[in-house]
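> Please read through the structure below; I'll follow up with questions.
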Amino acid sequence: MKRDWPESETAAVPVMDAAWFAQQSRALRHGADAHDLAAHCAAMLGVDPEAALHACAEAAQLPVFDAARLHALVPDFELLPLHDAARRVALAGRDAHGLWIVIDDPFDTDRADWLEHRAQSAFQYALADGNNIRAALKRNEASLRATDGALAGVVPAADAHDHDGAERPDLTLGGIEAEASPVVRLVNSLLYDALKAEASDVHLESDIGGMSIKVRVDGVLDPAGRIDGRATADQVISRIKVLAELDIAERRVPQDGRFQVLADGREIDLRVSIMPAVHAEDAVIRILDRQRLTSDMQGLRFATLGFDAQTVSELQALSRLPYGLMLVTGPTGSGKTTTLYAALSEINDGLEKIITIEDPVEYQLPGIVQIPVNEKRGLTFSRGLRSILRHDPDKIMVGEIRDAETGQIAVQAALTGHLVFTTLHANSAFDVIGRMLHIGVDPFNLVSALNGVVAQRLVRLSCSHCKQPVTPDLSQRPAAERARLAGLTLFEGIGCGHCRGTGYRGRRAVAEVLTLDDALRDAIAARQSIATMKAVARSRHMRTIRSAALDLVAQGLTTLAELDRVTFADPDGEATA
């Protein structure tokens, strides 16, 4: 298929014509700049990338496909396989107008030659933002067996363990390209990509044919590639063990370690968990960017976490009581520790002694004494908490109640005039009561010490760049939810470059706050049923997590699918007005 853009650039031309864009394309491909052409030209011209993209399309006489039109295409992965499409940043797809090949750079002649040689039938070119093309490819990744072309170049090395375990990899594109060992280059690349995606964890899951790579972004696992070959997968695990100073010969028992990398001039801590599985060892790498997190903590308040006004008011009331116990509960990764830090920031006026004991200390807060747990040296939560009580504190934060001893000491501290903040793993505010009683805390001491329980979740928000109005089927939903959503316009993200094709970008906390009064204290002390306690709380207009999340759906901020992912439907619950 003949291209209609100019090949010669010798004549003096205006800045925004096709020859100028072709010159920028060539400079971009031969340089070290990793940006897409539109972003590169936008920086050169001092305009936004969308304006540069449209100027480029006008110069090349091509239509522009936005995220919605890309979403409407039916991909043709027989013509252009997924791994080739991802490597070339090109998408072949069909709509009512025929076959399109969507690219992000119409002046890349080498890519055009390759595409035209590959395509055996007539097609039309279209132009789109590179991030939107990648997002469209990612949407189709789950239904295909994605094999990253870059991983195909990894071959078994003679020795993957010849590096000093104390090294600290420098995660830069130049450093990755300069690395001689393919396995080292692969490990550095997957960490680099995970940091760019703002992932919280990297999962390496072994199977009979190799290893799957997944990253957790906004609390959800996202496929990020695959390593083919059992030997290469084993070398990747060994490389991670070397970095974390673990025993590379031990493959029968779990191992935990940590190491650091350098990225953008700052140190980033990585915690490693190695677990033997059926086929081989699996690894999970937790990413902890302390400097960025500490920066994010500046000015941290309940309102900045996204809680609605009613929840903020209830949390502030609990955190400003003179003594007692405030429990925050929720699954791993639901933001419990961040909520406790917000509580400490709210009450830290410099006039009182605040001490925390945590595992680990995730954020560093000024004016607060923070103690890290060190179980290898005997500093457990219970032992540290005993020492804290001899250190004349006013407010205490215990990272987590893990056993009966820690729970009983925390309750005793609350009974002796201290305000204690802590977390406990449970599914709801009412389940916390049962957990505390189950680990042996006396019910009369518990009701005397406990001020309130906060149960929370993190809800993904619909991407503001690509969300569109939808009309969902509400017929199977509880009556209260149908009444709450009736007549409202709901929104759902279709996936774009800003959200990496997921339709979601960012998260917000939602919570239910159970504040104890005399009726609830009597019900707990009498060990009455959960149903009875729920009835008492409902009579006092307690709002559930489900209701708080439903409000976000009604406001068009999230979706019904996300509502069902993070909360249980309560047929007897009341919808929020």
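Residues in the structure tokens are named by chain (A, B, ... in the order shown) and by number from 1 within that chain; ligands are numbered from 1 in the order shown.
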Just the residues within 9 Å of segment 319-327 of chain A, please, counting only C-alpha atoms, with nothing from its chain fewer than 3 positions along; format it as a PyMOL selection string.
chain A and resi 314-316+343-344+346-347+394-395+410-411+413-424+429+432+446+448-455
> Now that the selection is made, can you save its residues with C-alpha atoms as an mmCIF file, in the first residue's frame?

```cif
data_model
loop_
_atom_site.group_PDB
_atom_site.id
_atom_site.type_symbol
_atom_site.label_atom_id
_atom_site.label_comp_id
_atom_site.auth_asym_id
_atom_site.auth_seq_id
_atom_site.Cartn_x
_atom_site.Cartn_y
_atom_site.Cartn_z
ATOM 1 C CA GLU A 314 -17.117 10.616 62.689
ATOM 2 C CA LEU A 315 -13.396 9.807 62.372
ATOM 3 C CA GLN A 316 -12.367 13.185 63.763
ATOM 4 C CA ALA A 343 -5.554 10.278 62.696
ATOM 5 C CA LEU A 344 -2.119 10.957 64.208
ATOM 6 C CA GLU A 346 -5.004 15.332 62.924
ATOM 7 C CA ILE A 347 -4.183 15.228 66.644
ATOM 8 C CA ASP A 394 -0.224 10.207 75.736
ATOM 9 C CA LYS A 395 -1.245 8.600 72.445
ATOM 10 C CA ALA A 410 -3.719 -2.500 74.139
ATOM 11 C CA VAL A 411 -7.037 -2.716 76.005
ATOM 12 C CA ALA A 413 -3.472 0.816 77.974
ATOM 13 C CA ALA A 414 -6.795 2.283 76.830
ATOM 14 C CA LEU A 415 -8.282 1.633 80.280
ATOM 15 C CA THR A 416 -5.417 3.454 82.017
ATOM 16 C CA GLY A 417 -5.933 6.813 80.332
ATOM 17 C CA HIS A 418 -4.162 6.444 76.963
ATOM 18 C CA LEU A 419 -5.690 6.924 73.545
ATOM 19 C CA VAL A 420 -4.754 3.825 71.552
ATOM 20 C CA PHE A 421 -5.028 3.435 67.764
ATOM 21 C CA THR A 422 -4.581 -0.007 66.233
ATOM 22 C CA THR A 423 -5.648 -2.316 63.401
ATOM 23 C CA LEU A 424 -7.106 -5.802 63.281
ATOM 24 C CA ALA A 429 -16.907 -3.472 62.064
ATOM 25 C CA VAL A 432 -13.941 -7.039 65.021
ATOM 26 C CA LEU A 446 -13.379 -4.426 75.816
ATOM 27 C CA SER A 448 -15.108 -0.168 78.660
ATOM 28 C CA ALA A 449 -12.049 0.578 76.485
ATOM 29 C CA LEU A 450 -13.507 0.570 72.964
ATOM 30 C CA ASN A 451 -14.589 3.939 71.572
ATOM 31 C CA GLY A 452 -15.317 2.829 68.042
ATOM 32 C CA VAL A 453 -14.463 0.613 65.075
ATOM 33 C CA VAL A 454 -13.722 1.748 61.529
ATOM 34 C CA ALA A 455 -14.017 -0.785 58.695
#
```
> Please report, as an mmCIF file with C-alpha atoms, in the first residue's frame, each residue of segment 103-272 of chain A to which DSSP assigns strand (DSSP E or B) when run on this structure's backbone.

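Heads up, here's the output in out-v5.cif:
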```cif
data_model
loop_
_atom_site.group_PDB
_atom_site.id
_atom_site.type_symbol
_atom_site.label_atom_id
_atom_site.label_comp_id
_atom_site.auth_asym_id
_atom_site.auth_seq_id
_atom_site.Cartn_x
_atom_site.Cartn_y
_atom_site.Cartn_z
ATOM 1 C CA ILE A 103 -0.059 3.806 14.619
ATOM 2 C CA GLN A 124 -6.078 2.275 5.835
ATOM 3 C CA TYR A 125 -3.747 4.014 8.268
ATOM 4 C CA ALA A 126 -5.012 5.982 11.266
ATOM 5 C CA LEU A 127 -3.174 7.926 13.939
ATOM 6 C CA ASP A 170 20.211 1.570 39.166
ATOM 7 C CA ASP A 201 3.625 -5.418 44.132
ATOM 8 C CA VAL A 202 5.213 -7.588 41.450
ATOM 9 C CA HIS A 203 4.071 -11.233 41.292
ATOM 10 C CA LEU A 204 6.164 -13.930 39.580
ATOM 11 C CA GLU A 205 4.049 -17.087 39.292
ATOM 12 C CA SER A 206 5.677 -20.290 38.051
ATOM 13 C CA ASP A 207 3.950 -22.867 35.886
ATOM 14 C CA GLY A 210 7.826 -20.887 32.585
ATOM 15 C CA MET A 211 6.547 -17.955 34.611
ATOM 16 C CA SER A 212 3.809 -15.309 34.465
ATOM 17 C CA ILE A 213 4.562 -11.725 35.470
ATOM 18 C CA LYS A 214 1.790 -9.680 37.082
ATOM 19 C CA VAL A 215 1.742 -6.293 38.783
ATOM 20 C CA ARG A 216 -0.752 -5.011 41.340
ATOM 21 C CA VAL A 217 -1.998 -1.547 40.412
ATOM 22 C CA VAL A 220 -5.888 -5.327 41.222
ATOM 23 C CA LEU A 221 -3.472 -7.760 39.538
ATOM 24 C CA ASP A 222 -2.665 -6.890 35.946
ATOM 25 C CA PRO A 223 -0.797 -9.264 33.536
ATOM 26 C CA ALA A 224 2.529 -7.690 32.563
ATOM 27 C CA GLY A 225 4.263 -10.402 30.522
ATOM 28 C CA ARG A 226 5.498 -13.956 30.487
ATOM 29 C CA ILE A 227 8.826 -15.789 30.701
ATOM 30 C CA ASP A 228 8.926 -18.919 28.550
ATOM 31 C CA GLN A 255 12.321 -17.231 52.440
ATOM 32 C CA ASP A 256 11.893 -13.513 53.087
ATOM 33 C CA GLY A 257 14.360 -10.731 52.389
ATOM 34 C CA ARG A 258 14.728 -7.210 51.124
ATOM 35 C CA PHE A 259 16.941 -5.049 48.934
ATOM 36 C CA GLN A 260 17.082 -1.540 47.497
ATOM 37 C CA VAL A 261 17.148 -0.070 44.010
ATOM 38 C CA LEU A 262 17.872 3.413 42.767
ATOM 39 C CA ALA A 263 15.270 5.099 40.577
ATOM 40 C CA ARG A 266 16.083 8.055 45.184
ATOM 41 C CA GLU A 267 16.323 4.815 47.120
ATOM 42 C CA ILE A 268 13.341 2.472 46.907
ATOM 43 C CA ASP A 269 12.932 -0.459 49.303
ATOM 44 C CA LEU A 270 11.764 -3.808 47.951
ATOM 45 C CA ARG A 271 10.566 -6.621 50.216
ATOM 46 C CA VAL A 272 10.834 -10.113 48.762
#
```
> Skipping near chain neighbours, those fewer than 3 positions away, what residues fall within 12 Å of His391 of chain A using only C-alpha atoms, listed as an MDAnalysis selection string?
chainID A and resid 353:356 369 384:388 394:396
> Between A:Leu82, A:Phe381, A:Val536, A:Thr471, which residue has the minimum interatomic distance to Lys138 of chain A, considering only C-alpha atoms?
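Ranked by minimum distance to Lys138 of chain A, first place goes to A:Leu82.
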> Can you tell me, as a list in words, what residues are no more than 7 Å from Leu490 of chain A when counting only C-alpha atoms, ignoring any on the same chain fewer than 4 positions away?
Pro469, Val470, Thr471, Val553, Ala554 and Gly556 of chain A
> Select, from A:His117, A:Arg546, A:Arg390, A:Arg139, the residue with the minimum atom-to-atom distance to Leu80 of chain A, counting only C-alpha atoms.
A:His117
> At a cut-off of 10 Å, using only C-alpha atoms, what residues contact Thr532 of chain A? Leave out same-chain residues fewer than 5 positions from it and give the result as a PyMOL selection string.
chain A and resi 520+523-524+527+537-538
> Of the residues A:Asp17, A:Gln23, A:Asp247, A:Asp48, which is the one nearest to Gln61 of chain A, using only C-alpha atoms?
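Of A:Asp17, A:Gln23, A:Asp247, A:Asp48, the one nearest Gln61 of chain A, counting only C-alpha atoms, is A:Asp17.
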> May I ask for the distance between atom CA of Ile409 of chain A and atom CA of Asn445 of chain A, given in Å to one decimal place?
11.1 Å
> In segment 346-392 of chain A, what's helix (DSSP H, G or I) per DSSP? Answer as a list in words?
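Assigned to helix (DSSP H, G or I), within segment 346-392 of chain A: Glu346, Ile347, Glu375, Lys376, Arg377, Phe381, Ser382, Arg383, Gly384, Leu385, Arg386, Ser387, Ile388 and Leu389 of chain A.
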> Counting only C-alpha atoms, figure out which residue out of A:Glu362, A:Asp105, A:Asp522, A:Asp403 gets nearest to Ser25 of chain A.
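Smallest separation from Ser25 of chain A among the options: A:Asp105.
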